[in-house]
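Novice: final_10.cif is the file, holding mmCIF, C-alpha atoms:
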data_final
#
loop_
_atom_site.label_atom_id
_atom_site.label_comp_id
_atom_site.auth_asym_id
_atom_site.auth_seq_id
_atom_site.Cartn_x
_atom_site.Cartn_y
_atom_site.Cartn_z
CA MET A 1 96.87 40.57 -95.97
CA ILE A 2 100.47 41.01 -97.12
CA LYS A 3 103.02 41.66 -94.40
CA HIS A 4 104.69 45.05 -94.85
CA LEU A 5 108.44 45.12 -94.62
CA SER A 6 110.03 48.54 -94.56
CA TRP A 7 113.71 49.20 -93.98
CA PHE A 8 112.73 50.44 -90.57
CA ALA A 9 110.62 47.43 -89.75
CA ALA A 10 113.01 44.88 -91.19
CA VAL A 11 116.35 46.33 -90.26
CA ALA A 12 116.35 49.38 -88.04
CA VAL A 13 114.12 47.61 -85.57
CA LEU A 14 116.83 44.99 -85.40
CA PHE A 15 119.33 47.58 -84.22
CA GLY A 16 117.38 49.61 -81.73
CA ALA A 17 118.69 50.68 -78.64
CA THR A 18 120.16 49.08 -76.72
CA PRO A 19 121.35 48.86 -74.51
CA VAL A 20 120.83 46.14 -73.71
CA MET A 21 121.00 44.47 -73.65
CA ALA A 22 120.92 47.78 -73.39
CA ALA A 23 120.82 48.85 -76.12
CA THR A 24 120.26 49.31 -77.36
CA ASN A 25 118.58 48.91 -77.36
CA SER A 26 115.41 47.84 -79.33
CA GLY A 27 115.97 45.16 -81.89
CA LEU A 28 118.74 42.64 -82.26
CA ARG A 29 121.24 44.64 -80.31
CA ALA A 30 119.22 44.10 -77.19
CA ALA A 31 121.47 41.15 -76.60
CA SER A 32 124.38 43.36 -75.63
CA SER A 33 125.98 42.43 -72.41
CA ALA A 34 128.65 43.47 -70.14
CA ASP A 35 130.88 42.74 -67.25
CA LEU A 36 129.87 45.53 -64.99
CA THR A 37 132.59 44.55 -62.57
CA GLY A 38 134.69 46.40 -65.10
CA ALA A 39 132.36 49.35 -65.29
CA PRO A 40 133.74 52.78 -64.43
CA ALA A 41 134.20 53.11 -60.68
CA VAL A 42 132.52 55.84 -58.68
CA ARG A 43 134.41 57.92 -56.14
CA GLU A 44 132.76 57.93 -52.72
CA ARG A 45 133.60 60.15 -49.75
CA THR A 46 134.20 58.00 -46.67
CA GLN A 47 135.02 59.46 -43.25
CA VAL A 48 137.88 57.70 -41.46
CA ASN A 49 138.24 57.58 -37.68
CA TYR A 50 141.71 57.16 -36.24
CA GLU A 51 141.95 55.13 -33.06
CA LYS A 52 145.19 56.54 -31.63
CA TYR A 53 147.56 59.41 -32.17
CA THR A 54 150.45 60.72 -30.06
CA THR A 55 151.57 64.36 -30.16
CA ARG A 56 155.17 65.15 -31.03
CA THR A 57 155.77 67.10 -27.80
CA SER A 58 154.04 64.96 -25.23
CA THR A 59 154.02 61.35 -24.14
CA LYS A 60 150.31 61.41 -23.56
CA THR A 61 148.39 58.88 -25.63
CA TYR A 62 144.87 59.84 -26.69
CA ASP A 63 142.22 57.18 -26.60
CA GLN A 64 139.72 56.56 -29.41
CA ALA A 65 137.14 59.01 -28.06
CA ASP A 66 139.65 61.86 -27.76
CA ALA A 67 141.15 61.28 -31.19
CA LYS A 68 137.93 60.72 -33.08
CA ASN A 69 138.02 62.27 -36.55
CA ILE A 70 141.20 64.32 -35.89
CA TYR A 71 144.91 64.10 -36.41
CA TYR A 72 147.82 66.48 -35.80
CA THR A 73 149.82 67.88 -38.66
CA GLN A 74 153.27 69.41 -38.87
CA PRO A 75 153.13 73.23 -38.68
CA ALA A 76 153.29 75.00 -42.00
CA ASN A 77 156.42 76.89 -40.92
CA ARG A 78 158.72 74.71 -38.82
CA SER A 79 160.74 77.65 -37.46
CA GLU A 80 157.71 78.89 -35.58
CA LEU A 81 157.99 75.97 -33.18
CA TYR A 82 160.45 78.06 -31.23
CA ARG A 83 160.35 81.70 -30.28
CA GLN A 84 163.98 82.46 -31.31
CA TYR A 85 167.42 80.94 -31.89
CA GLY A 86 167.61 77.92 -29.65
CA ASP A 87 165.74 79.54 -26.83
CA THR A 88 163.82 76.66 -25.26
CA SER A 89 162.91 78.37 -22.02
CA ASN A 90 159.44 79.06 -23.33
CA VAL A 91 158.49 76.55 -25.97
CA ASN A 92 155.41 77.31 -28.01
CA VAL A 93 153.99 74.23 -29.72
CA ARG A 94 151.56 74.88 -32.55
CA THR A 95 149.22 72.16 -33.67
CA THR A 96 146.56 72.08 -36.29
CA ARG A 97 143.43 69.99 -35.92
CA ALA A 98 141.74 68.86 -39.12
CA GLU A 99 139.12 66.39 -40.21
CA THR A 100 140.31 63.94 -42.81
CA TYR A 101 138.53 62.10 -45.61
CA ARG A 102 139.71 59.22 -47.71
CA GLY A 103 138.49 58.58 -51.24
CA GLU A 104 137.48 54.99 -51.90
CA LEU A 105 136.39 53.29 -55.12
CA ARG A 106 133.11 51.40 -55.08
CA ARG A 107 132.05 49.13 -57.91
CA LYS A 108 128.56 49.59 -59.30
CA TYR A 109 126.82 47.58 -61.99
CA TYR A 110 125.58 50.10 -64.54
CA LEU A 111 122.66 48.34 -66.17
CA ALA A 112 122.57 50.70 -69.18
CA HIS A 113 126.22 49.90 -69.93
CA PRO A 114 126.68 48.56 -73.51
CA PHE A 115 128.57 45.56 -72.06
CA PHE A 116 125.96 44.68 -69.44
CA GLN A 117 125.17 41.06 -68.68
CA PRO A 118 123.98 39.45 -65.44
CA THR A 119 126.50 37.63 -63.26
CA LYS A 120 126.27 33.94 -62.34
CA GLY A 121 122.84 32.94 -61.08
CA LYS A 122 121.23 36.33 -61.71
CA PHE A 123 118.61 37.49 -64.20
CA GLY A 124 118.63 40.57 -66.38
CA SER A 125 115.51 42.18 -67.86
CA VAL A 126 115.20 45.07 -70.32
CA THR A 127 111.69 46.28 -71.19
CA ASP A 128 111.95 48.68 -74.13
CA LEU A 129 109.07 50.94 -75.19
CA SER A 130 109.88 52.84 -78.41
CA TYR A 131 108.28 55.01 -81.08
CA ASN A 132 109.76 54.47 -84.56
CA MET A 133 109.38 56.65 -87.65
CA ASN A 134 110.41 56.16 -91.29
CA SER A 135 109.50 58.22 -94.37
CA TYR A 136 110.69 59.19 -97.86
CA ASP A 137 109.31 60.86 -100.97
CA LEU A 138 108.45 58.93 -104.13
CA ALA A 139 108.48 60.00 -107.79
CA LEU A 140 107.00 57.23 -109.97
CA THR A 141 107.93 56.59 -113.60
CA PRO A 142 105.73 54.09 -115.51
CA VAL A 143 106.98 51.32 -117.75
CA GLU A 144 107.08 52.02 -121.47
CA ASN A 145 103.60 52.75 -122.82
CA GLY A 146 102.35 52.92 -119.26
CA TYR A 147 100.47 55.72 -117.55
CA ILE A 148 100.31 56.97 -113.96
CA SER A 149 97.71 59.57 -113.08
CA ASP A 150 99.33 60.51 -109.73
CA PRO A 151 103.11 59.95 -109.87
CA ASN A 152 104.13 61.79 -106.67
CA GLY A 153 103.71 60.47 -103.15
CA LYS A 154 105.29 59.78 -99.80
CA TRP A 155 105.88 56.63 -97.79
CA ASP A 156 105.19 57.10 -94.09
CA MET A 157 105.49 54.56 -91.31
CA SER A 158 104.88 55.04 -87.59
CA GLN A 159 105.29 52.22 -85.11
CA ILE A 160 105.08 51.62 -81.38
CA SER A 161 107.16 48.67 -80.22
CA ILE A 162 107.34 46.88 -76.89
CA LYS A 163 110.38 44.64 -76.66
CA GLU A 164 111.49 42.39 -73.82
CA ASP A 165 115.08 41.14 -73.53
CA PHE A 166 115.69 38.56 -70.85
CA SER A 167 119.02 37.04 -69.83
CA PHE A 168 120.40 34.64 -67.24
CA GLY A 169 124.00 34.32 -66.09
CA ILE A 170 125.13 30.70 -66.48
CA THR A 171 128.55 31.81 -65.23
CA ASP A 172 130.07 35.22 -64.60
CA ARG A 173 131.23 35.20 -68.22
CA VAL A 174 128.48 33.36 -70.12
CA ALA A 175 124.80 34.30 -70.27
CA ILE A 176 121.80 32.92 -72.15
CA LEU A 177 119.53 35.40 -73.96
CA ALA A 178 115.86 35.44 -74.95
CA MET A 179 113.84 38.20 -76.62
CA ALA A 180 110.42 39.03 -78.04
CA ARG A 181 108.82 42.13 -79.58
CA PHE A 182 105.23 43.30 -80.08
CA ASP A 183 104.60 45.98 -82.74
CA ILE A 184 101.67 48.30 -83.44
CA SER A 185 102.28 49.76 -86.91
CA ASP A 186 100.64 52.19 -89.31
CA TYR A 187 101.74 52.12 -92.98
CA LYS A 188 100.74 54.69 -95.57
CA PHE A 189 101.45 55.78 -99.14
CA ASP A 190 100.30 59.40 -99.16
CA TRP A 191 99.57 60.41 -102.79
CA ALA A 192 99.43 63.99 -104.01
CA VAL A 193 96.01 63.64 -105.69
CA ALA A 194 94.60 60.14 -105.24
CA PRO A 195 93.33 58.84 -101.87
CA ASP A 196 95.97 57.46 -99.50
CA ASP A 197 96.80 53.77 -99.52
CA SER A 198 97.13 52.78 -95.87
CA MET A 199 96.69 49.94 -93.43
CA ASP A 200 97.40 49.00 -89.83
CA ASP A 201 99.17 45.94 -88.53
CA SER A 202 99.93 44.68 -85.03
CA GLY A 203 101.21 41.51 -83.47
CA LEU A 204 104.03 39.62 -81.79
CA ASN A 205 106.56 39.85 -84.60
CA LEU A 206 109.96 38.88 -83.21
CA PHE A 207 111.37 35.96 -81.18
CA GLY A 208 114.97 35.12 -80.41
CA LEU A 209 117.42 32.98 -78.43
CA GLY A 210 121.18 33.23 -78.04
CA LEU A 211 124.36 33.23 -75.97
CA GLN A 212 126.71 35.97 -74.78
CA TRP A 213 130.35 35.44 -73.84
CA ARG A 214 132.52 38.02 -72.09
CA PHE A 215 135.89 36.67 -73.17
CA ALA A 216 138.07 39.54 -71.90
CA ASP A 217 137.82 41.68 -68.79
CA THR A 218 140.91 43.31 -67.28
CA GLU A 219 141.64 46.56 -65.50
CA LYS A 220 141.76 48.35 -68.88
CA TRP A 221 139.98 46.14 -71.43
CA ILE A 222 136.60 44.46 -71.83
CA ALA A 223 135.27 42.46 -74.80
CA THR A 224 132.17 40.37 -75.54
CA ALA A 225 130.89 38.14 -78.32
CA SER A 226 127.21 37.31 -78.90
CA ALA A 227 125.48 34.88 -81.25
CA TYR A 228 121.74 34.42 -81.53
CA TYR A 229 118.90 33.29 -83.76
CA GLN A 230 115.83 35.40 -84.46
CA TYR A 231 112.59 34.75 -86.26
CA GLN A 232 110.80 37.77 -87.70
CA ASN A 233 107.19 36.79 -88.30
CA ASP A 234 106.28 36.34 -92.00
CA ILE A 235 109.57 37.92 -93.08
CA SER A 236 112.81 36.07 -92.33
CA ASN A 237 114.95 33.82 -90.18
CA ASN A 238 118.05 35.63 -88.92
CA VAL A 239 121.41 34.61 -87.49
CA VAL A 240 123.27 37.45 -85.78
CA LEU A 241 126.86 37.87 -84.59
CA ASP A 242 127.88 40.79 -82.37
CA LEU A 243 131.42 41.71 -81.27
CA LYS A 244 132.36 44.57 -78.91
CA ALA A 245 135.66 45.66 -77.39
CA GLY A 246 136.15 48.54 -74.97
CA TYR A 247 139.00 50.42 -73.31
CA LYS A 248 138.40 51.82 -69.81
CA VAL A 249 139.53 55.39 -69.23
CA SER A 250 138.82 57.02 -65.87
CA SER A 251 135.00 57.08 -65.58
CA SER A 252 134.39 56.16 -69.24
CA THR A 253 134.57 53.16 -71.56
CA ILE A 254 135.49 53.85 -75.20
CA TYR A 255 134.43 50.94 -77.40
CA GLY A 256 134.15 49.66 -80.93
CA LEU A 257 131.59 47.25 -82.31
CA VAL A 258 130.94 45.07 -85.35
CA ARG A 259 127.64 43.30 -86.09
CA GLY A 260 126.64 40.96 -88.88
CA TRP A 261 123.26 39.52 -89.91
CA TYR A 262 122.46 36.60 -92.17
CA LEU A 263 118.81 36.89 -93.23
CA ASN A 264 116.95 34.04 -94.94
CA PHE A 265 113.71 35.49 -96.34
CA ASP A 266 110.38 33.67 -96.51
CA GLU A 267 109.86 35.12 -100.01
CA PRO A 268 112.40 36.23 -102.65
CA SER A 269 111.16 39.86 -102.65
CA TYR A 270 110.99 42.34 -99.80
CA GLY A 271 110.06 45.98 -99.48
CA ASN A 272 107.09 48.18 -98.51
CA GLY A 273 103.53 47.36 -99.50
CA VAL A 274 99.89 47.87 -98.62
CA THR A 275 96.87 45.76 -99.50
CA GLY A 276 93.32 47.06 -99.61
CA LYS A 277 90.08 47.19 -101.57
CA THR A 278 89.38 49.08 -104.79
CA GLU A 279 86.21 51.08 -105.39
CA ASN A 280 84.58 48.02 -106.95
CA GLY A 281 85.48 45.89 -103.92
CA LYS A 282 88.37 43.96 -105.44
CA GLU A 283 91.55 43.34 -103.47
CA ALA A 284 94.53 45.37 -104.71
CA THR A 285 98.15 45.72 -103.67
CA PHE A 286 100.80 48.40 -104.12
CA PHE A 287 104.32 47.15 -103.46
CA LEU A 288 107.66 49.02 -103.52
CA ALA A 289 110.43 46.42 -103.84
CA TYR A 290 113.80 46.91 -102.15
CA ASN A 291 115.04 43.68 -103.69
CA THR A 292 113.28 41.20 -105.98
CA ASP A 293 115.94 38.50 -105.92
CA ALA A 294 116.82 38.03 -102.26
CA ASP A 295 116.30 34.52 -100.95
CA ASN A 296 118.95 35.52 -98.42
CA THR A 297 121.25 38.45 -97.78
CA PHE A 298 123.81 39.89 -95.35
CA TYR A 299 123.80 43.09 -93.35
CA VAL A 300 126.89 44.42 -91.60
CA GLU A 301 127.61 47.49 -89.50
CA GLY A 302 130.42 48.89 -87.41
CA GLY A 303 130.90 51.87 -85.16
CA LEU A 304 132.41 53.63 -82.19
CA GLY A 305 130.86 54.58 -78.88
CA VAL A 306 131.59 55.99 -75.45
CA PHE A 307 129.85 55.25 -72.15
CA SER A 308 130.51 57.72 -69.31
CA VAL A 309 129.51 57.93 -65.67
CA LEU A 310 128.44 61.54 -65.10
CA ASP A 311 127.54 61.06 -61.47
CA GLU A 312 127.02 58.07 -59.22
CA ASP A 313 123.42 57.73 -60.46
CA TRP A 314 123.65 59.23 -64.00
CA THR A 315 125.24 57.90 -67.19
CA LEU A 316 125.64 59.02 -70.81
CA ASN A 317 126.09 56.81 -73.88
CA LEU A 318 126.91 58.03 -77.42
CA GLU A 319 127.24 55.73 -80.42
CA ALA A 320 128.00 56.40 -84.12
CA ILE A 321 127.25 53.62 -86.63
CA LEU A 322 127.96 53.09 -90.35
CA GLY A 323 126.21 50.12 -91.97
CA ASN A 324 125.53 48.32 -95.22
CA TYR A 325 122.00 46.89 -95.35
CA ASP A 326 121.74 45.20 -98.74
CA TRP A 327 119.89 47.81 -100.79
CA HIS A 328 121.30 50.92 -99.05
CA ASN A 329 123.96 52.27 -96.69
CA GLN A 330 123.38 54.45 -93.66
CA ALA A 331 125.20 56.53 -91.04
CA SER A 332 123.35 57.00 -87.75
CA LEU A 333 123.87 58.48 -84.31
CA LYS A 334 122.43 57.24 -81.03
CA ALA A 335 122.43 59.00 -77.65
CA ALA A 336 121.14 57.75 -74.29
CA ILE A 337 121.03 59.12 -70.77
CA GLY A 338 120.50 56.74 -67.87
CA TRP A 339 119.42 57.09 -64.25
CA GLN A 340 120.24 54.30 -61.79
CA PRO A 341 119.49 54.96 -58.10
CA ASN A 342 120.59 51.50 -56.90
CA ASP A 343 122.26 48.30 -58.08
CA TRP A 344 119.15 46.55 -59.42
CA PHE A 345 117.07 49.12 -61.37
CA ALA A 346 117.72 51.73 -64.06
CA LEU A 347 115.83 53.89 -66.54
CA ASN A 348 117.48 54.66 -69.89
CA LEU A 349 116.07 57.31 -72.26
CA TYR A 350 117.49 57.09 -75.78
CA GLY A 351 117.11 58.49 -79.26
CA LYS A 352 118.50 57.43 -82.63
CA MET A 353 118.37 59.03 -86.06
CA ALA A 354 119.83 58.57 -89.53
CA LEU A 355 122.31 61.33 -90.39
CA TRP A 356 122.90 60.14 -93.97
CA ASP A 357 121.37 57.46 -96.16
CA SER A 358 122.24 56.31 -99.68
CA ALA A 359 118.54 55.60 -100.33
CA ASN A 360 118.21 59.18 -101.56
CA GLY A 361 118.29 59.10 -105.37
CA LYS A 362 117.85 55.33 -105.67
CA GLU A 363 115.55 53.85 -108.33
CA LEU A 364 113.41 50.99 -107.06
CA SER A 365 110.80 48.97 -108.91
CA PHE A 366 107.15 49.18 -107.89
CA TRP A 367 104.41 46.61 -108.46
CA GLN A 368 100.65 46.95 -108.47
CA THR A 369 97.46 45.02 -109.07
CA ASP A 370 96.22 46.00 -112.52
CA ASP A 371 92.77 47.61 -112.39
CA VAL A 372 91.87 46.07 -115.76
CA ASP A 373 92.78 42.40 -115.51
CA GLY A 374 93.57 42.10 -111.78
CA VAL A 375 97.10 40.80 -112.45
CA PHE A 376 99.85 41.83 -110.04
CA ARG A 377 102.73 43.10 -112.20
CA ARG A 378 105.69 45.49 -112.36
CA MET A 379 104.41 48.95 -113.24
CA GLY A 380 107.59 51.06 -113.31
CA THR A 381 110.28 52.60 -111.11
CA ALA A 382 110.24 54.90 -108.10
CA ASN A 383 112.90 57.49 -107.30
CA LEU A 384 113.46 58.02 -103.55
CA ASP A 385 114.29 61.31 -101.84
CA ASN A 386 114.24 62.94 -98.39
CA TYR A 387 114.83 59.66 -96.57
CA SER A 388 114.20 60.00 -92.83
CA GLU A 389 114.44 57.52 -89.99
CA ALA A 390 114.33 58.03 -86.21
CA THR A 391 113.56 56.27 -82.92
CA ILE A 392 112.91 57.49 -79.41
CA GLY A 393 112.53 55.06 -76.53
CA LEU A 394 112.61 54.36 -72.82
CA GLN A 395 114.11 51.25 -71.24
CA ALA A 396 113.34 49.90 -67.78
CA ILE A 397 116.25 47.65 -66.78
CA PHE A 398 116.38 45.21 -63.87
CA MET A 399 118.90 42.75 -62.47
CA PHE A 400 117.77 40.35 -59.77
#
Reformat the file's structure so that it appears as structure tokens.

Specialist:
Amino acid sequence: MIKHLSWFAAVAVLFGATPVMAATNSGLRAASSADLTGAPAVRERTQVNYEKYTTRTSTKTYDQADAKNIYYTQPANRSELYRQYGDTSNVNVRTTRAETYRGELRRKYYLAHPFFQPTKGKFGSVTDLSYNMNSYDLALTPVENGYISDPNGKWDMSQISIKEDFSFGITDRVAILAMARFDISDYKFDWAVAPDDSMDDSGLNLFGLGLQWRFADTEKWIATASAYYQYQNDISNNVVLDLKAGYKVSSSTIYGLVRGWYLNFDEPSYGNGVTGKTENGKEATFFLAYNTDADNTFYVEGGLGVFSVLDEDWTLNLEAILGNYDWHNQASLKAAIGWQPNDWFALNLYGKMALWDSANGKELSFWQTDDVDGVFRRMGTANLDNYSEATIGLQAIFMF
């Protein structure tokens, strides 16, 4: 059985959500990390008890019990201290009793933060369950003197992924990363007339190891660098670099990011394909090639994001990305809302979708097993349209 490699399976899955670590994320970005000591602080109302206070018109000193939770303030209108011009025969002292509160800042590690990473001696875990979709329309044109009885179709992929990102803080600034992903996928070429070409595939398809370094963390700035290796089963060996830098504003962090992938493919061609049986029982393959001369390639993307604390337990993360992924370019938007009731557990619901993709209008080659002689050969070109890609997922994040 030939391993299918769609853009979504080969690339978008690499970017997924998260964040974590976070991401983002599913996919390669799961290695995001952060110094949450620099995360936006949360204002907390704290009642303050004053031990002693002395009134302005008496020498009596109040003990702690008498003065609990109160203090005396200067009258709003000072002239009302006295009845009239200098007449002190009957002094009227006005006092105002009021409770007082003092706002204090309390640090909280927001586990869905795009810069999250565990501190020294602690573990971080992000379990990411996601549903991924990818589709586009196909219009086939045969090679010269060729013939196609059913030239119109649609590629459709649906996938459920379970990804685990695990990290350990070697120091407060350096963490080691490990990741794995299990996919349950359904691939289908839906033809207008002919029967669909489809197949299912499932398995443990991704493994990775790496390091994260938080090299800057001040009152206003935070920055991290990550490097890791990933193996994508039957597809490629990947080396990934990830850089993030953020500026802290009030209860938000505004950040930029740059990621780069070096992919070394197992085979020189990659794309979408299905393998099945013909009516006479012979094995046949239909393959849409994204690139037929790609022993290795580079992907790169960059973007801007903002992470905000909405409430002590609720967070919001928005991220806009523009990337070049070898055979096409894409602009995407990701949004996530997180709930964290304590310092060690959080839930992060996220969604991501492609807003624009240069795949629309592209001409790709397609290959097929010849029904006559059984030879696998190039049969023509396919024009792509209505490209669509989206992910929705839920992350359970722990630090212990």

Novice: Which value, in Å to one decimal, gives the distance between CA of Ile176 (chain A) and CA of Thr119 (chain A)?

Specialist: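 One can read the CA of Ile176 (chain A) to CA of Thr119 (chain A) distance as 11.1 Å.
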
Novice: Take the point (138.1, 39.5, -70.9) as written in the file and pick out every residue within 12 Å of it, counting all atoms listed in the file; give the list as a count of residues only.

Specialist: 26

Novice: Report, in Å to a single decimal, how far apart CA of Gly323 (chain A) and CA of Gln230 (chain A) are.

Specialist: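 We find that CA of Gln230 (chain A) and CA of Gly323 (chain A) lie 19.5 Å from each other.
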
Novice: Which residue out of A:Thr253, A:Asn237, A:Asn280, A:Thr297 has the minimum interatomic distance to Asn317 (chain A) when only C-alpha atoms are used?

Specialist: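 Of all the options, A:Thr253 lies closest to Asn317 (chain A).
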
Novice: Of the residues A:Leu129, A:Val274, A:Leu288, A:Ala396, which is the one nearest to Asn383 (chain A), using only C-alpha atoms?

Specialist: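 The shortest atom-to-atom distance to Asn383 (chain A) comes from A:Leu288.
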
Novice: Between A:Tyr187, A:Tyr387, A:Trp327, A:Phe345, which has the minimum distance to Phe400 (chain A) (counting only C-alpha atoms)?

Specialist: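 Ranked by minimum distance to Phe400 (chain A), first place goes to A:Phe345.
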
Novice: When distances are computed from only C-alpha atoms, which of A:Ser149, A:Thr278, A:Thr127, A:Ser161 shows the smallest separation from Leu206 (chain A)?

Specialist: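 With only C-alpha atoms as the atom set, the closest residue is A:Ser161.
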
Novice: What does the distance between CA of Ala320 (chain A) and CA of Asn386 (chain A) come to in Å, to one decimal place?

Specialist: 20.9 Å

Novice: For Lys154 (chain A), which residue among A:Ala178, A:Ile392, A:Leu304, A:Ala382 is the nearest when counting only C-alpha atoms?

Specialist: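 Counting only C-alpha atoms, the residue closest to Lys154 (chain A) is A:Ala382.
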
Novice: Skip Ser125 (chain A) itself and residues of its chain fewer than 2 positions away, then list as an mmCIF file with C-alpha atoms, in the frame of the given file all residues within 10 Å of it, counting all atoms listed in the file.

Specialist:
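Saved the output as result_30.cif:
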data_model
loop_
_atom_site.group_PDB
_atom_site.id
_atom_site.type_symbol
_atom_site.label_atom_id
_atom_site.label_comp_id
_atom_site.auth_asym_id
_atom_site.auth_seq_id
_atom_site.Cartn_x
_atom_site.Cartn_y
_atom_site.Cartn_z
ATOM 1 C CA VAL A 20 120.830 46.140 -73.710
ATOM 2 C CA MET A 21 121.000 44.470 -73.650
ATOM 3 C CA ALA A 22 120.920 47.780 -73.390
ATOM 4 C CA LEU A 111 122.660 48.340 -66.170
ATOM 5 C CA GLN A 117 125.170 41.060 -68.680
ATOM 6 C CA PRO A 118 123.980 39.450 -65.440
ATOM 7 C CA PHE A 123 118.610 37.490 -64.200
ATOM 8 C CA THR A 127 111.690 46.280 -71.190
ATOM 9 C CA ASP A 128 111.950 48.680 -74.130
ATOM 10 C CA GLU A 164 111.490 42.390 -73.820
ATOM 11 C CA ASP A 165 115.080 41.140 -73.530
ATOM 12 C CA PHE A 166 115.690 38.560 -70.850
ATOM 13 C CA SER A 167 119.020 37.040 -69.830
ATOM 14 C CA PHE A 168 120.400 34.640 -67.240
ATOM 15 C CA LEU A 177 119.530 35.400 -73.960
ATOM 16 C CA ALA A 178 115.860 35.440 -74.950
ATOM 17 C CA MET A 179 113.840 38.200 -76.620
ATOM 18 C CA PHE A 345 117.070 49.120 -61.370
ATOM 19 C CA GLN A 395 114.110 51.250 -71.240
ATOM 20 C CA ALA A 396 113.340 49.900 -67.780
ATOM 21 C CA ILE A 397 116.250 47.650 -66.780
ATOM 22 C CA PHE A 398 116.380 45.210 -63.870
ATOM 23 C CA MET A 399 118.900 42.750 -62.470
ATOM 24 C CA PHE A 400 117.770 40.350 -59.770
#

Novice: Between A:Trp367, A:Leu347, A:Lys334, A:Thr292, single out the one closest to Thr315 (chain A), counting all atoms listed in the file.

Specialist: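 Distance minimum relative to Thr315 (chain A) lands on A:Leu347.
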
Novice: Counting only C-alpha atoms, what is within 8 Å of Asp343 (chain A), bar same-chain residues fewer than 2 positions away, as a PyMOL selection string?

Specialist: chain A and resi 108-110+340-341+345+399

Novice: Given the PyMOL selection byres ((chain A and resi 375-381) around 8) and the file above, list the residues it selects as a list in words.

Specialist: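 Checked against the file, the PyMOL selection byres ((chain A and resi 375-381) around 8) matches Leu140, Thr141, Pro142, Val143, Gly146, Thr285, Glu363, Leu364, Ser365, Phe366, Trp367, Gln368, Thr369, Asp370, Asp373, Gly374, Ala382 and Asn383 of chain A.
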
Novice: Those residues with C-alpha atoms, as a compact mmCIF listing (two decimals), in the frame of the given file please?

Specialist:
# COMPACT_ATOMS: atom_id res chain seq x y z
CA LEU A 140 107.00 57.23 -109.97
CA THR A 141 107.93 56.59 -113.60
CA PRO A 142 105.73 54.09 -115.51
CA VAL A 143 106.98 51.32 -117.75
CA GLY A 146 102.35 52.92 -119.26
CA THR A 285 98.15 45.72 -103.67
CA GLU A 363 115.55 53.85 -108.33
CA LEU A 364 113.41 50.99 -107.06
CA SER A 365 110.80 48.97 -108.91
CA PHE A 366 107.15 49.18 -107.89
CA TRP A 367 104.41 46.61 -108.46
CA GLN A 368 100.65 46.95 -108.47
CA THR A 369 97.46 45.02 -109.07
CA ASP A 370 96.22 46.00 -112.52
CA ASP A 373 92.78 42.40 -115.51
CA GLY A 374 93.57 42.10 -111.78
CA ALA A 382 110.24 54.90 -108.10
CA ASN A 383 112.90 57.49 -107.30

Novice: What's the 12 Å shell around Asn324 (chain A), counting all atoms listed in the file, without same-chain residues fewer than 3 positions away, as a compact mmCIF listing (two decimals) with C-alpha atoms, keeping the file's coordinate frame?

Specialist:
# COMPACT_ATOMS: atom_id res chain seq x y z
CA TRP A 7 113.71 49.20 -93.98
CA VAL A 11 116.35 46.33 -90.26
CA ALA A 12 116.35 49.38 -88.04
CA VAL A 258 130.94 45.07 -85.35
CA ARG A 259 127.64 43.30 -86.09
CA GLY A 260 126.64 40.96 -88.88
CA TRP A 261 123.26 39.52 -89.91
CA THR A 297 121.25 38.45 -97.78
CA PHE A 298 123.81 39.89 -95.35
CA TYR A 299 123.80 43.09 -93.35
CA VAL A 300 126.89 44.42 -91.60
CA GLU A 301 127.61 47.49 -89.50
CA GLY A 302 130.42 48.89 -87.41
CA GLY A 303 130.90 51.87 -85.16
CA ILE A 321 127.25 53.62 -86.63
CA TRP A 327 119.89 47.81 -100.79
CA HIS A 328 121.30 50.92 -99.05
CA ASN A 329 123.96 52.27 -96.69
CA GLN A 330 123.38 54.45 -93.66
CA ALA A 331 125.20 56.53 -91.04
CA SER A 332 123.35 57.00 -87.75
CA ASP A 357 121.37 57.46 -96.16
CA SER A 358 122.24 56.31 -99.68
CA ALA A 359 118.54 55.60 -100.33
